[in-house]
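Enquirer: Below are the C-alpha cells for one structure; questions will follow.
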Amino acid sequence: MESLAFTYIDQADQLDELVSQLNEVTEVFLDTEADNLHHYATRVCLLQLRIKDSNFLIDTLSDIKLSSLWEALKDKSLVMHGSDFDIRLLADMAAFRPRELFDTMFAAQFLGISQIGLAALLKDFLKVDHPKDSQKSDWSQRPLPSKMLNYAVGDVQYLPQLKNILHKQLSELGRLDWHKQKCDWQIESASNGFGKPDQDAWRLSYSRKLSPRGLCALYELWHWRESEAQRMDRPPFKVIHNQLLLTLSQAVEKGKYKEAFEKLPKGIKSGRARGLMDALERGAKRNPETLPRRKGGKRRREEPLTPEEVSRQDSLKAHRDTIAKKLNIEPTLISSRAQMAKIARCPECVHEVCLPWQVELLQL
C-alpha cells in the first residue's frame, strides 16, 4: 500500500483543532484499534478519523481529555466497516452512542457480496491493496511503527469512495431502507458495550454436558486462568484456550487428570505447572454442592419444538431460502435459525423477533 498522509494527535491543542473541523461537517469516517489480542483488559489504543479529505489518528493512550471529541461526534453520521466491536468499545470507553450509522459491511451483505471484509471490498471496487498483516498487532506499543500507522490510516482513507459506491448500488436495488434498519438495530444492540462478566461466566459453551465433578474442575480451572491472565496481563485464551479447559475437566470426571496434565504442551505448563495442577486437584476434591448456583436459579431450557412447530419452521425456512435465492443474498440475513425457531413457536411474536424489512419479505 502507498504511504498515506495523516495528522497524529497526542496533544490537547491538536485535538482542539480537530474538534473545530468536526463542527463543520455532518459525516465522519471512523475506525478503532484495540489491544484485546495482547492484554487482559481491552483498551482503545487508536482512533482513526477521516474528515473531508484529511486523515487523523488520535492516540487515546496519550494524556489528553477526549470529552470535546465525543461531544463533537455525537450528532454526526458515522461511516464504519463492521461496526459492532467498535461501537461496543466506544460505549465502554466513553458511554458514546452514534446518532446515525452507515456500515459498509452490512451494505455489502445486502448487495449479495460474498467477500465482505474491508480488504476484499477495497480490492474489488477500488483496486486498492490493503494488507491485513498489522490487524492483530499490539496497538498499545509506543511509538507505533510507520507500517502500523499506515495500515490504520488505510482503514478510513478509502471509506468515502467505498460508501458512495455501495450506497448507489443499494439505492438502485431499493435496499437502502433495509440497510438503515439494520444500522439502527446495530446502534441499539451495541451501545450497551460488552457488559461485565457475571458469576456464571465460567460456565463455558458445552459445559452443560459435564457432570457435577467436571463442573467443579471447570470452575477451578477457569478461575485459575483468570488470575493467571491478570497476573501476566494477557488475554485468557493466550493462557489456555476454552477447549482445553473442557478437555481437562472431562479428564477430572474420569479420574485421569494427572495423565491429561502430562500430555499438555510444554508451553502451557512452563512457569505455571504447579498452579494448574493445584486447580485440577481442587476440582477433583471440591464438593459440587458448593458451586455457585446460576443467577436466578437453574436456567430453564426451552422445550423442543412440537411436530407442528417443526413443520412451521421447515416451511418458513423453505420460503426464506426461495426469497434469498431470488434476491441473491444470504438466507440468514433475512432470518437466522434462532429467529425462525422463535417464530415457529410464536408466529404472532414476529414483530418482536424481526426487523420490519424482514417481516415484509417473509410476508408474515
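Note on naming: chains are A, B, ... as they come in the C-alpha cells, residues start from 1 per chain, ligands start from 1 in the order shown.
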As a CSV table (one decimal) with C-alpha atoms, in the first residue's frame, please: the residues near Trp139 of chain A (cut-off 12 Å, only C-alpha atoms, same-chain neighbours under 6 positions excluded).

Expert:
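Now in part22.csv:
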chain,number,residue,atom,x,y,z
A,32,THR,CA,-10.7,2.0,16.1
A,33,GLU,CA,-7.7,-0.2,17.1
A,34,ALA,CA,-7.6,-2.0,20.4
A,35,ASP,CA,-5.2,-4.2,22.3
A,36,ASN,CA,-7.6,-7.1,23.1
A,37,LEU,CA,-5.3,-9.7,21.5
A,38,HIS,CA,-2.4,-8.8,23.7
A,39,HIS,CA,-3.6,-7.7,27.1
A,42,THR,CA,-9.2,-4.3,26.4
A,43,ARG,CA,-8.3,-0.6,25.7
A,44,VAL,CA,-9.0,1.6,22.7
A,45,CYS,CA,-5.5,2.5,21.6
A,46,LEU,CA,-6.1,4.5,18.5
A,47,LEU,CA,-9.0,6.3,16.8
A,59,ASP,CA,-3.6,8.5,20.4
A,60,THR,CA,-6.2,7.5,23.0
A,61,LEU,CA,-3.4,6.3,25.4
A,145,PRO,CA,5.8,1.7,13.7
A,147,LYS,CA,3.8,0.3,8.9
A,148,MET,CA,1.1,0.1,11.5
A,149,LEU,CA,0.2,3.8,11.3
A,151,TYR,CA,-2.4,0.4,8.0
A,152,ALA,CA,-4.5,2.3,10.5

Enquirer: As number ranges by chain, please: every residue in segment 91-226 of chain A that a backbone DSSP assignment puts in alpha helix (DSSP H).

Expert: A: 91-94, 104-110, 118-126, 146-157, 159-173, 176-190, 212-226

Enquirer: For the residues in that selection, give me C-alpha atoms as an mmCIF file, in the first residue's frame.

Expert:
data_model
loop_
_atom_site.group_PDB
_atom_site.id
_atom_site.type_symbol
_atom_site.label_atom_id
_atom_site.label_comp_id
_atom_site.auth_asym_id
_atom_site.auth_seq_id
_atom_site.Cartn_x
_atom_site.Cartn_y
_atom_site.Cartn_z
ATOM 1 C CA ALA A 91 -19.664 2.653 24.615
ATOM 2 C CA ASP A 92 -17.485 1.119 27.331
ATOM 3 C CA MET A 93 -14.772 3.747 26.934
ATOM 4 C CA ALA A 94 -16.883 6.904 26.939
ATOM 5 C CA THR A 104 -20.166 -0.735 4.681
ATOM 6 C CA MET A 105 -20.044 -4.389 5.737
ATOM 7 C CA PHE A 106 -23.825 -4.502 6.099
ATOM 8 C CA ALA A 107 -24.128 -2.752 2.738
ATOM 9 C CA ALA A 108 -22.018 -5.456 1.098
ATOM 10 C CA GLN A 109 -24.208 -8.148 2.656
ATOM 11 C CA PHE A 110 -27.379 -6.540 1.327
ATOM 12 C CA LEU A 118 -12.739 -4.354 4.087
ATOM 13 C CA ALA A 119 -9.591 -5.513 2.286
ATOM 14 C CA ALA A 120 -11.632 -7.602 -0.158
ATOM 15 C CA LEU A 121 -14.067 -4.770 -0.881
ATOM 16 C CA LEU A 122 -11.278 -2.250 -1.448
ATOM 17 C CA LYS A 123 -9.611 -4.695 -3.819
ATOM 18 C CA ASP A 124 -12.791 -5.455 -5.755
ATOM 19 C CA PHE A 125 -14.213 -1.951 -6.062
ATOM 20 C CA LEU A 126 -11.192 0.375 -5.905
ATOM 21 C CA SER A 146 5.161 3.533 10.458
ATOM 22 C CA LYS A 147 3.832 0.306 8.923
ATOM 23 C CA MET A 148 1.086 0.062 11.547
ATOM 24 C CA LEU A 149 0.246 3.754 11.270
ATOM 25 C CA ASN A 150 -0.109 3.426 7.520
ATOM 26 C CA TYR A 151 -2.365 0.391 7.989
ATOM 27 C CA ALA A 152 -4.528 2.321 10.462
ATOM 28 C CA VAL A 153 -4.950 5.233 8.044
ATOM 29 C CA GLY A 154 -5.861 2.797 5.271
ATOM 30 C CA ASP A 155 -8.893 1.700 7.300
ATOM 31 C CA VAL A 156 -10.528 5.098 6.745
ATOM 32 C CA GLN A 157 -8.727 6.589 3.716
ATOM 33 C CA LEU A 159 -14.203 4.612 3.104
ATOM 34 C CA PRO A 160 -15.766 7.676 1.388
ATOM 35 C CA GLN A 161 -15.326 6.169 -2.073
ATOM 36 C CA LEU A 162 -16.454 2.740 -0.927
ATOM 37 C CA LYS A 163 -19.502 4.158 0.835
ATOM 38 C CA ASN A 164 -20.560 6.108 -2.265
ATOM 39 C CA ILE A 165 -20.324 3.015 -4.477
ATOM 40 C CA LEU A 166 -22.256 0.800 -2.074
ATOM 41 C CA HIS A 167 -24.853 3.481 -1.357
ATOM 42 C CA LYS A 168 -25.507 3.895 -5.094
ATOM 43 C CA GLN A 169 -25.931 0.150 -5.623
ATOM 44 C CA LEU A 170 -28.234 -0.203 -2.616
ATOM 45 C CA SER A 171 -30.329 2.661 -3.951
ATOM 46 C CA GLU A 172 -30.576 1.053 -7.382
ATOM 47 C CA LEU A 173 -31.826 -2.179 -5.802
ATOM 48 C CA LEU A 176 -31.375 1.472 1.387
ATOM 49 C CA ASP A 177 -34.185 1.224 3.924
ATOM 50 C CA TRP A 178 -33.235 -2.373 4.759
ATOM 51 C CA HIS A 179 -29.693 -1.183 5.381
ATOM 52 C CA LYS A 180 -30.825 1.730 7.548
ATOM 53 C CA GLN A 181 -32.975 -0.546 9.701
ATOM 54 C CA LYS A 182 -30.020 -2.880 10.181
ATOM 55 C CA CYS A 183 -27.702 0.004 11.109
ATOM 56 C CA ASP A 184 -30.243 1.452 13.566
ATOM 57 C CA TRP A 185 -30.546 -2.014 15.122
ATOM 58 C CA GLN A 186 -26.741 -2.176 15.377
ATOM 59 C CA ILE A 187 -26.591 1.110 17.271
ATOM 60 C CA GLU A 188 -29.296 -0.078 19.649
ATOM 61 C CA SER A 189 -27.780 -3.515 20.279
ATOM 62 C CA ALA A 190 -24.134 -2.444 20.620
ATOM 63 C CA PRO A 212 -21.066 -32.198 38.671
ATOM 64 C CA ARG A 213 -17.454 -33.349 39.159
ATOM 65 C CA GLY A 214 -16.489 -31.955 35.760
ATOM 66 C CA LEU A 215 -18.191 -28.657 36.580
ATOM 67 C CA CYS A 216 -16.160 -28.434 39.785
ATOM 68 C CA ALA A 217 -12.992 -28.852 37.748
ATOM 69 C CA LEU A 218 -14.087 -26.280 35.174
ATOM 70 C CA TYR A 219 -14.900 -23.769 37.916
ATOM 71 C CA GLU A 220 -11.449 -24.134 39.466
ATOM 72 C CA LEU A 221 -9.621 -24.131 36.123
ATOM 73 C CA TRP A 222 -11.477 -21.099 34.804
ATOM 74 C CA HIS A 223 -10.754 -19.035 37.909
ATOM 75 C CA TRP A 224 -7.112 -20.147 37.896
ATOM 76 C CA ARG A 225 -6.862 -18.995 34.274
ATOM 77 C CA GLU A 226 -8.403 -15.632 35.113
#

Enquirer: Within 9 Å of Met232 of chain A, counting only C-alpha atoms, which residues show up once you throw out same-chain ones fewer than 4 positions away? Write them as a CSV table (one decimal) with C-alpha atoms, in the first residue's frame, please.

Expert:
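Output file selection_38.csv follows:
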chain,number,residue,atom,x,y,z
A,39,HIS,CA,-3.6,-7.7,27.1
A,40,TYR,CA,-6.0,-8.8,29.8
A,227,SER,CA,-5.9,-15.0,37.9
A,228,GLU,CA,-3.0,-16.1,35.6
A,239,VAL,CA,-3.0,-18.7,28.8

Enquirer: Which residues are close to Arg345 of chain A, i.e. within 9 Å by only C-alpha atoms, leaving aside same-chain residues fewer than 6 positions away? Reply as a list in words.

Expert: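 In the requested format, the answer is Leu305, Thr306, Glu309, Val310, Arg312 and Gln313 of chain A.
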
Enquirer: Closest to Gly112 of chain A among A:Ser83, A:Thr332, A:Thr7, A:Gln141, using only C-alpha atoms?

Expert: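 Among the listed residues, the smallest separation from Gly112 of chain A belongs to A:Thr332.
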
Enquirer: Neighbouring residues of Glu360 of chain A were defined as those with any atom within 12 Å, considering only C-alpha atoms; residues of the same chain fewer than 6 positions away were excluded. Please report them as a list in words.

Expert: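 Here the answer would be Trp178, Arg320, Ile323, Ile334, Ser335, Val350, His351 and Cys354 of chain A.
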
Enquirer: Where in segment 10-205 of chain A does DSSP assign strand (DSSP E), given as a PyMOL selection string?

Expert: chain A and resi 27-34+44-51+54-59+77-80+100-103

Enquirer: Write out as number ranges by chain which residues come within 12 Å of Gln14 of chain A when counting only C-alpha atoms, dropping same-chain ones fewer than 4 positions away.

Expert: A: 7-10, 18-21, 56-59, 64-66, 69

Enquirer: Using only C-alpha atoms, pick whichever of A:Leu364, A:Ile116, A:Ala324, A:Leu264 has the shortest atom-to-atom distance to His81 of chain A.

Expert: A:Ile116

Enquirer: Do you have the atom CA of Lys342 of chain A-atom CA of Lys325 of chain A distance handy?

Expert: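 Atom-to-atom, atom CA of Lys342 of chain A and atom CA of Lys325 of chain A are spaced 22.8 Å apart.
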